[in-house]
Amino acid sequence: MFITESEKILSEEYLDKGYIIRKIDDTEALDWIRNKFCLLINHTLPETNDIEAEELLNNIHKYVSVSKLNEFRLKIIQGINSEEIFREMYFRVARNYLEALVGNELAMQLRINLSIQLPQDDSSLLPVHSDVWSGDSPFEVVVWLPLVNCYGSKAMYILPPDKSAELVEKFAIKASGSSETLFQSIKNDVQWLDVSYGEVLIFDQGLPHGNRINEENESRWSMNCRFKGVFTPYGDKKIGEFFEPITLRAASQKGMAYKLPKSS
Amino acid sequence: MNKVRGYIFSRPFMGERVPQHVQNLVIRDYCNRNNLQFLLSATEYAMTGCHLIHEQVMDELSEVDGIVAYSIFLLPENAEKRQKIYEKTIVMKKTYHFAVEGLKFSNKKECDRIELIWRVRQTLPDCYRYLA
């Protein structure tokens, strides 16, 4: 394989741990994203106008109740997704790592997801799951981007590849009850991923992952978005309705439009 | 509020089949979310490759503000025919929406985006696949 030494290190780490966490190269793009979020929050909650970004995001539970959280989240995510360059900015924060792990002709999810987890809120939990179990292609990766420092129960967890392989072997037994039963059977093996603002997590969404009640004193803000090679197999999430090509190269564009001469 | 004509299929497209009432549900929801007045959908004939109803909808484009098709992939498979639809929509200053993808076009840049998705989709059968 003719990959560079740095790409090799990154690939081996991803294959070994099922994820990488790295500093973001393009901090300008990250700051653009966070500033846009703060502007949208200020617009929705005018009383927050003078609060600094980190403090505002970490303490959003002081301004939004659990009962209003989903409505608030939808308003913010619709607002941010309507920004024409938002997805490009999101891509920029992880571009180098994606090109090393996935390839340089990429398809990106059309709409980026937002997760806000208020302290002690049990209404926004993601039970243990593997995206591939519910129809995603195993060729996809998730770029998980926090807007605040995520640590402890404010973060997400993942089951490492070796333990995941064991689970797959015994899946019929371990998954016979609820997803909570499944979590209890793997809770000593899962790894909690501390990711700070300024870092990005790229993980294998085929590995079981999820979150629990945020028992920290701060709110979590994170986004997630899937990427895959344009010409790799698709699962239930198809080109057009879910993915869009974002970095098609000239040769592919030529090839897709090519017509053989007619012989008759 | 902009008036838009719905457009759905009565046959499979790109190897997929969606019940007509489900196509209409998705279109209605898209219109609600985008503040569009949904006019009853025109349903394409079931014969393979037939786009007669679509041609009629395009002929009546001047009477509405745009079209909402269930999916990008209800457009004709033939690239030249798609091109004509892009051009007519732009010339008539209308907007063509695609409900399930949440995409639309009303200018050249947006048409290029739709066309790229089409071309990749048409190329995928030649790429490798995995069996779950």
# chains A, B, ... in the order shown; residues from 1 in each chain; ligands from 1

$ interface_residues --of "chain A" --to "chain B" --cutoff "6 Å" --atoms "only C-alpha atoms" --output "list in words"
Pro233, Gly240 and Glu241 of chain A

$ residues_around --residues "B:Lys81" --least-positions-apart "6" --cutoff "12 Å" --atoms "only C-alpha atoms" --output "PDB file with C-alpha atoms, in the first residue's frame"
ATOM      1  CA  GLY B  49     -39.852   4.924 -19.635  1.00  0.00           C
ATOM      2  CA  CYS B  50     -43.098   6.885 -20.025  1.00  0.00           C
ATOM      3  CA  HIS B  51     -43.096  10.555 -18.937  1.00  0.00           C
ATOM      4  CA  HIS B  54     -44.625  14.862 -16.582  1.00  0.00           C
ATOM      5  CA  GLU B  55     -44.645  16.537 -19.982  1.00  0.00           C
ATOM      6  CA  LEU B  75     -36.917  12.703 -13.569  1.00  0.00           C
ATOM      7  CA  GLU B  87     -33.662  24.713 -18.828  1.00  0.00           C
ATOM      8  CA  LYS B  88     -37.434  25.190 -19.064  1.00  0.00           C
ATOM      9  CA  GLU B 115     -27.331  16.317 -12.150  1.00  0.00           C
TER      10      GLU B 115
END

$ select_by_dssp --residues "stretch 33-173 of chain A" --states "strand (DSSP E)" --output "list of chain:residue names"
A:Leu106, A:Ala107, A:Met108, A:Gln109, A:Asn113, A:Leu114, A:Ser115, A:Ile116, A:Gln117, A:Val141, A:Val142, A:Val143, A:Trp144, A:Leu145, A:Pro146, A:Met156, A:Tyr157, A:Ile158

$ write_last_selection --atoms "all heavy atoms" --output "short mmCIF file (atom, residue, chain, number, x, y, z; two decimals), in the first residue's frame"
data_model
loop_
_atom_site.label_atom_id
_atom_site.label_comp_id
_atom_site.auth_asym_id
_atom_site.auth_seq_id
_atom_site.Cartn_x
_atom_site.Cartn_y
_atom_site.Cartn_z
N LEU A 106 -15.62 11.86 -1.86
CA LEU A 106 -16.48 11.59 -0.71
C LEU A 106 -17.94 11.95 -0.97
O LEU A 106 -18.25 12.86 -1.72
CB LEU A 106 -15.99 12.43 0.48
CG LEU A 106 -14.61 12.06 1.02
CD1 LEU A 106 -14.09 13.15 1.93
CD2 LEU A 106 -14.67 10.73 1.77
N ALA A 107 -18.81 11.21 -0.29
CA ALA A 107 -20.22 11.59 -0.21
C ALA A 107 -20.47 11.99 1.23
O ALA A 107 -19.94 11.37 2.16
CB ALA A 107 -21.11 10.41 -0.60
N MET A 108 -21.27 13.04 1.41
CA MET A 108 -21.54 13.57 2.75
C MET A 108 -23.05 13.59 3.00
O MET A 108 -23.83 13.83 2.07
CB MET A 108 -21.00 15.01 2.83
CG MET A 108 -21.22 15.71 4.15
SD MET A 108 -20.56 17.42 4.06
CE MET A 108 -20.80 17.94 5.76
N GLN A 109 -23.42 13.37 4.21
CA GLN A 109 -24.82 13.43 4.63
C GLN A 109 -25.39 14.81 4.29
O GLN A 109 -24.71 15.82 4.44
CB GLN A 109 -24.84 13.19 6.14
CG GLN A 109 -26.17 12.97 6.76
CD GLN A 109 -26.02 12.58 8.23
OE1 GLN A 109 -25.07 11.91 8.61
NE2 GLN A 109 -26.94 13.01 9.05
N ASN A 113 -26.71 16.30 11.93
CA ASN A 113 -27.52 16.12 13.15
C ASN A 113 -26.93 16.87 14.33
O ASN A 113 -25.71 17.00 14.44
CB ASN A 113 -27.60 14.64 13.51
CG ASN A 113 -28.18 13.81 12.39
OD1 ASN A 113 -29.15 14.21 11.77
ND2 ASN A 113 -27.56 12.67 12.11
N LEU A 114 -27.81 17.31 15.19
CA LEU A 114 -27.38 18.02 16.41
C LEU A 114 -27.91 17.28 17.63
O LEU A 114 -29.07 16.89 17.67
CB LEU A 114 -27.93 19.45 16.39
CG LEU A 114 -27.78 20.25 17.68
CD1 LEU A 114 -26.32 20.55 17.99
CD2 LEU A 114 -28.57 21.57 17.60
N SER A 115 -27.04 17.12 18.61
CA SER A 115 -27.47 16.52 19.87
C SER A 115 -27.21 17.51 21.00
O SER A 115 -26.11 18.06 21.10
CB SER A 115 -26.68 15.21 20.08
OG SER A 115 -26.82 14.77 21.38
N ILE A 116 -28.24 17.76 21.79
CA ILE A 116 -28.07 18.60 22.99
C ILE A 116 -28.50 17.74 24.16
O ILE A 116 -29.64 17.26 24.19
CB ILE A 116 -28.95 19.88 22.94
CG1 ILE A 116 -28.72 20.66 21.65
CG2 ILE A 116 -28.67 20.75 24.15
CD1 ILE A 116 -29.72 21.80 21.43
N GLN A 117 -27.60 17.54 25.09
CA GLN A 117 -27.94 16.70 26.25
C GLN A 117 -27.84 17.52 27.52
O GLN A 117 -26.74 17.85 27.98
CB GLN A 117 -26.99 15.53 26.33
CG GLN A 117 -27.60 14.24 25.85
CD GLN A 117 -26.77 13.09 26.33
OE1 GLN A 117 -25.64 12.95 25.88
NE2 GLN A 117 -27.30 12.29 27.23
N VAL A 141 -18.26 6.45 7.82
CA VAL A 141 -17.71 6.85 9.12
C VAL A 141 -18.55 8.01 9.64
O VAL A 141 -19.22 8.70 8.86
CB VAL A 141 -16.22 7.29 9.04
CG1 VAL A 141 -15.34 6.18 8.49
CG2 VAL A 141 -16.06 8.58 8.23
N VAL A 142 -18.51 8.21 10.95
CA VAL A 142 -19.20 9.37 11.53
C VAL A 142 -18.17 10.39 12.00
O VAL A 142 -17.21 10.03 12.68
CB VAL A 142 -20.07 8.94 12.73
CG1 VAL A 142 -20.65 10.17 13.45
CG2 VAL A 142 -21.21 8.05 12.28
N VAL A 143 -18.38 11.62 11.58
CA VAL A 143 -17.57 12.72 12.12
C VAL A 143 -18.39 13.37 13.22
O VAL A 143 -19.48 13.89 12.97
CB VAL A 143 -17.22 13.75 11.02
CG1 VAL A 143 -16.54 14.97 11.63
CG2 VAL A 143 -16.32 13.12 9.97
N TRP A 144 -17.88 13.28 14.45
CA TRP A 144 -18.60 13.74 15.65
C TRP A 144 -17.85 14.97 16.16
O TRP A 144 -16.66 14.89 16.49
CB TRP A 144 -18.57 12.61 16.67
CG TRP A 144 -19.49 12.69 17.83
CD1 TRP A 144 -20.74 12.17 17.92
CD2 TRP A 144 -19.21 13.25 19.13
NE1 TRP A 144 -21.27 12.39 19.17
CE2 TRP A 144 -20.35 13.04 19.94
CE3 TRP A 144 -18.11 13.91 19.68
CZ2 TRP A 144 -20.42 13.46 21.27
CZ3 TRP A 144 -18.19 14.33 21.01
CH2 TRP A 144 -19.34 14.11 21.77
N LEU A 145 -18.57 16.07 16.19
CA LEU A 145 -17.90 17.35 16.49
C LEU A 145 -18.57 18.02 17.69
O LEU A 145 -19.72 18.42 17.61
CB LEU A 145 -18.01 18.25 15.25
CG LEU A 145 -17.31 19.60 15.34
CD1 LEU A 145 -15.80 19.43 15.42
CD2 LEU A 145 -17.67 20.45 14.12
N PRO A 146 -17.83 18.16 18.80
CA PRO A 146 -18.42 18.83 19.97
C PRO A 146 -18.24 20.34 19.91
O PRO A 146 -17.24 20.83 19.38
CB PRO A 146 -17.62 18.24 21.13
CG PRO A 146 -16.26 17.96 20.55
CD PRO A 146 -16.46 17.66 19.08
N MET A 156 -19.83 10.42 24.76
CA MET A 156 -20.47 9.19 24.26
C MET A 156 -19.53 8.01 24.51
O MET A 156 -18.36 8.20 24.82
CB MET A 156 -20.80 9.29 22.78
CG MET A 156 -19.61 9.52 21.88
SD MET A 156 -19.95 9.19 20.13
CE MET A 156 -19.73 7.41 20.04
N TYR A 157 -20.08 6.83 24.39
CA TYR A 157 -19.24 5.64 24.57
C TYR A 157 -19.27 4.79 23.30
O TYR A 157 -20.17 4.90 22.46
CB TYR A 157 -19.70 4.80 25.77
CG TYR A 157 -21.07 4.20 25.61
CD1 TYR A 157 -21.29 3.04 24.87
CD2 TYR A 157 -22.19 4.80 26.17
CE1 TYR A 157 -22.55 2.50 24.69
CE2 TYR A 157 -23.46 4.28 26.00
CZ TYR A 157 -23.63 3.13 25.27
OH TYR A 157 -24.88 2.61 25.09
N ILE A 158 -18.26 3.94 23.18
CA ILE A 158 -18.19 3.02 22.04
C ILE A 158 -17.65 1.68 22.53
O ILE A 158 -16.89 1.64 23.51
CB ILE A 158 -17.28 3.62 20.92
CG1 ILE A 158 -17.45 2.87 19.60
CG2 ILE A 158 -15.82 3.63 21.33
CD1 ILE A 158 -16.85 3.62 18.40
#

$ closest_residue --among "B:Gly6, B:Arg82, B:Met14, B:Ser41" --to "B:Ile67" --atoms "only C-alpha atoms"
B:Gly6

$ atom_distance --atom1 "atom CA of B:Glu77" --atom2 "atom CA of B:Gln56"
17.6 Å

$ atom_distance --atom1 "atom CA of A:Asp204" --atom2 "atom CA of A:Val102"
11.1 Å

$ atom_distance --atom1 "atom CA of A:Gly103" --atom2 "atom CA of A:Pro245"
12.3 Å

$ closest_residue --among "A:Ser264, A:Gln191, A:Thr247, A:Ser130" --to "A:Gly229" --atoms "only C-alpha atoms"
A:Thr247

$ closest_residue --among "A:Leu110, A:Ile186, A:Leu147, A:Ile21" --to "A:Glu54" --atoms "only C-alpha atoms"
A:Leu147

$ decode --residues "stretch 59-73 of chain B" --atoms "N, CA, C and O atoms" --output "compact mmCIF listing (two decimals), in the first residue's frame"
# COMPACT_ATOMS: atom_id res chain seq x y z
N ASP B 59 -45.96 21.41 -19.30
CA ASP B 59 -46.73 22.29 -20.20
C ASP B 59 -47.58 23.28 -19.40
O ASP B 59 -47.87 24.38 -19.88
N GLU B 60 -47.98 22.86 -18.21
CA GLU B 60 -48.84 23.72 -17.38
C GLU B 60 -48.06 24.50 -16.33
O GLU B 60 -48.63 25.05 -15.39
N LEU B 61 -46.75 24.53 -16.50
CA LEU B 61 -45.88 25.16 -15.50
C LEU B 61 -46.21 26.63 -15.27
O LEU B 61 -46.07 27.16 -14.16
N SER B 62 -46.68 27.30 -16.33
CA SER B 62 -46.97 28.74 -16.20
C SER B 62 -48.10 29.01 -15.20
O SER B 62 -48.21 30.12 -14.67
N GLU B 63 -48.91 27.99 -14.91
CA GLU B 63 -50.06 28.20 -14.02
C GLU B 63 -49.72 28.03 -12.54
O GLU B 63 -50.55 28.29 -11.67
N VAL B 64 -48.50 27.55 -12.26
CA VAL B 64 -48.11 27.33 -10.86
C VAL B 64 -46.75 27.98 -10.61
O VAL B 64 -46.11 28.51 -11.53
N ASP B 65 -46.31 27.92 -9.34
CA ASP B 65 -44.99 28.49 -9.02
C ASP B 65 -43.88 27.44 -9.10
O ASP B 65 -42.71 27.77 -9.04
N GLY B 66 -44.29 26.20 -9.20
CA GLY B 66 -43.27 25.16 -9.29
C GLY B 66 -43.87 23.77 -9.19
O GLY B 66 -45.09 23.60 -9.16
N ILE B 67 -42.98 22.80 -9.15
CA ILE B 67 -43.37 21.39 -9.06
C ILE B 67 -42.70 20.78 -7.83
O ILE B 67 -41.57 21.16 -7.50
N VAL B 68 -43.40 19.87 -7.17
CA VAL B 68 -42.76 19.07 -6.11
C VAL B 68 -42.88 17.61 -6.50
O VAL B 68 -43.97 17.02 -6.42
N ALA B 69 -41.77 17.03 -6.94
CA ALA B 69 -41.76 15.60 -7.23
C ALA B 69 -41.38 14.85 -5.96
O ALA B 69 -40.68 15.41 -5.10
N TYR B 70 -41.81 13.61 -5.88
CA TYR B 70 -41.45 12.83 -4.68
C TYR B 70 -39.93 12.72 -4.55
O TYR B 70 -39.37 12.89 -3.48
N SER B 71 -39.25 12.44 -5.67
CA SER B 71 -37.80 12.21 -5.61
C SER B 71 -37.11 12.73 -6.87
O SER B 71 -37.73 12.81 -7.94
N ILE B 72 -35.85 13.04 -6.73
CA ILE B 72 -35.01 13.38 -7.88
C ILE B 72 -35.12 12.31 -8.96
O ILE B 72 -35.12 12.61 -10.16
N PHE B 73 -35.26 11.05 -8.51
CA PHE B 73 -35.16 9.95 -9.46
C PHE B 73 -36.47 9.66 -10.21
O PHE B 73 -36.60 8.64 -10.87
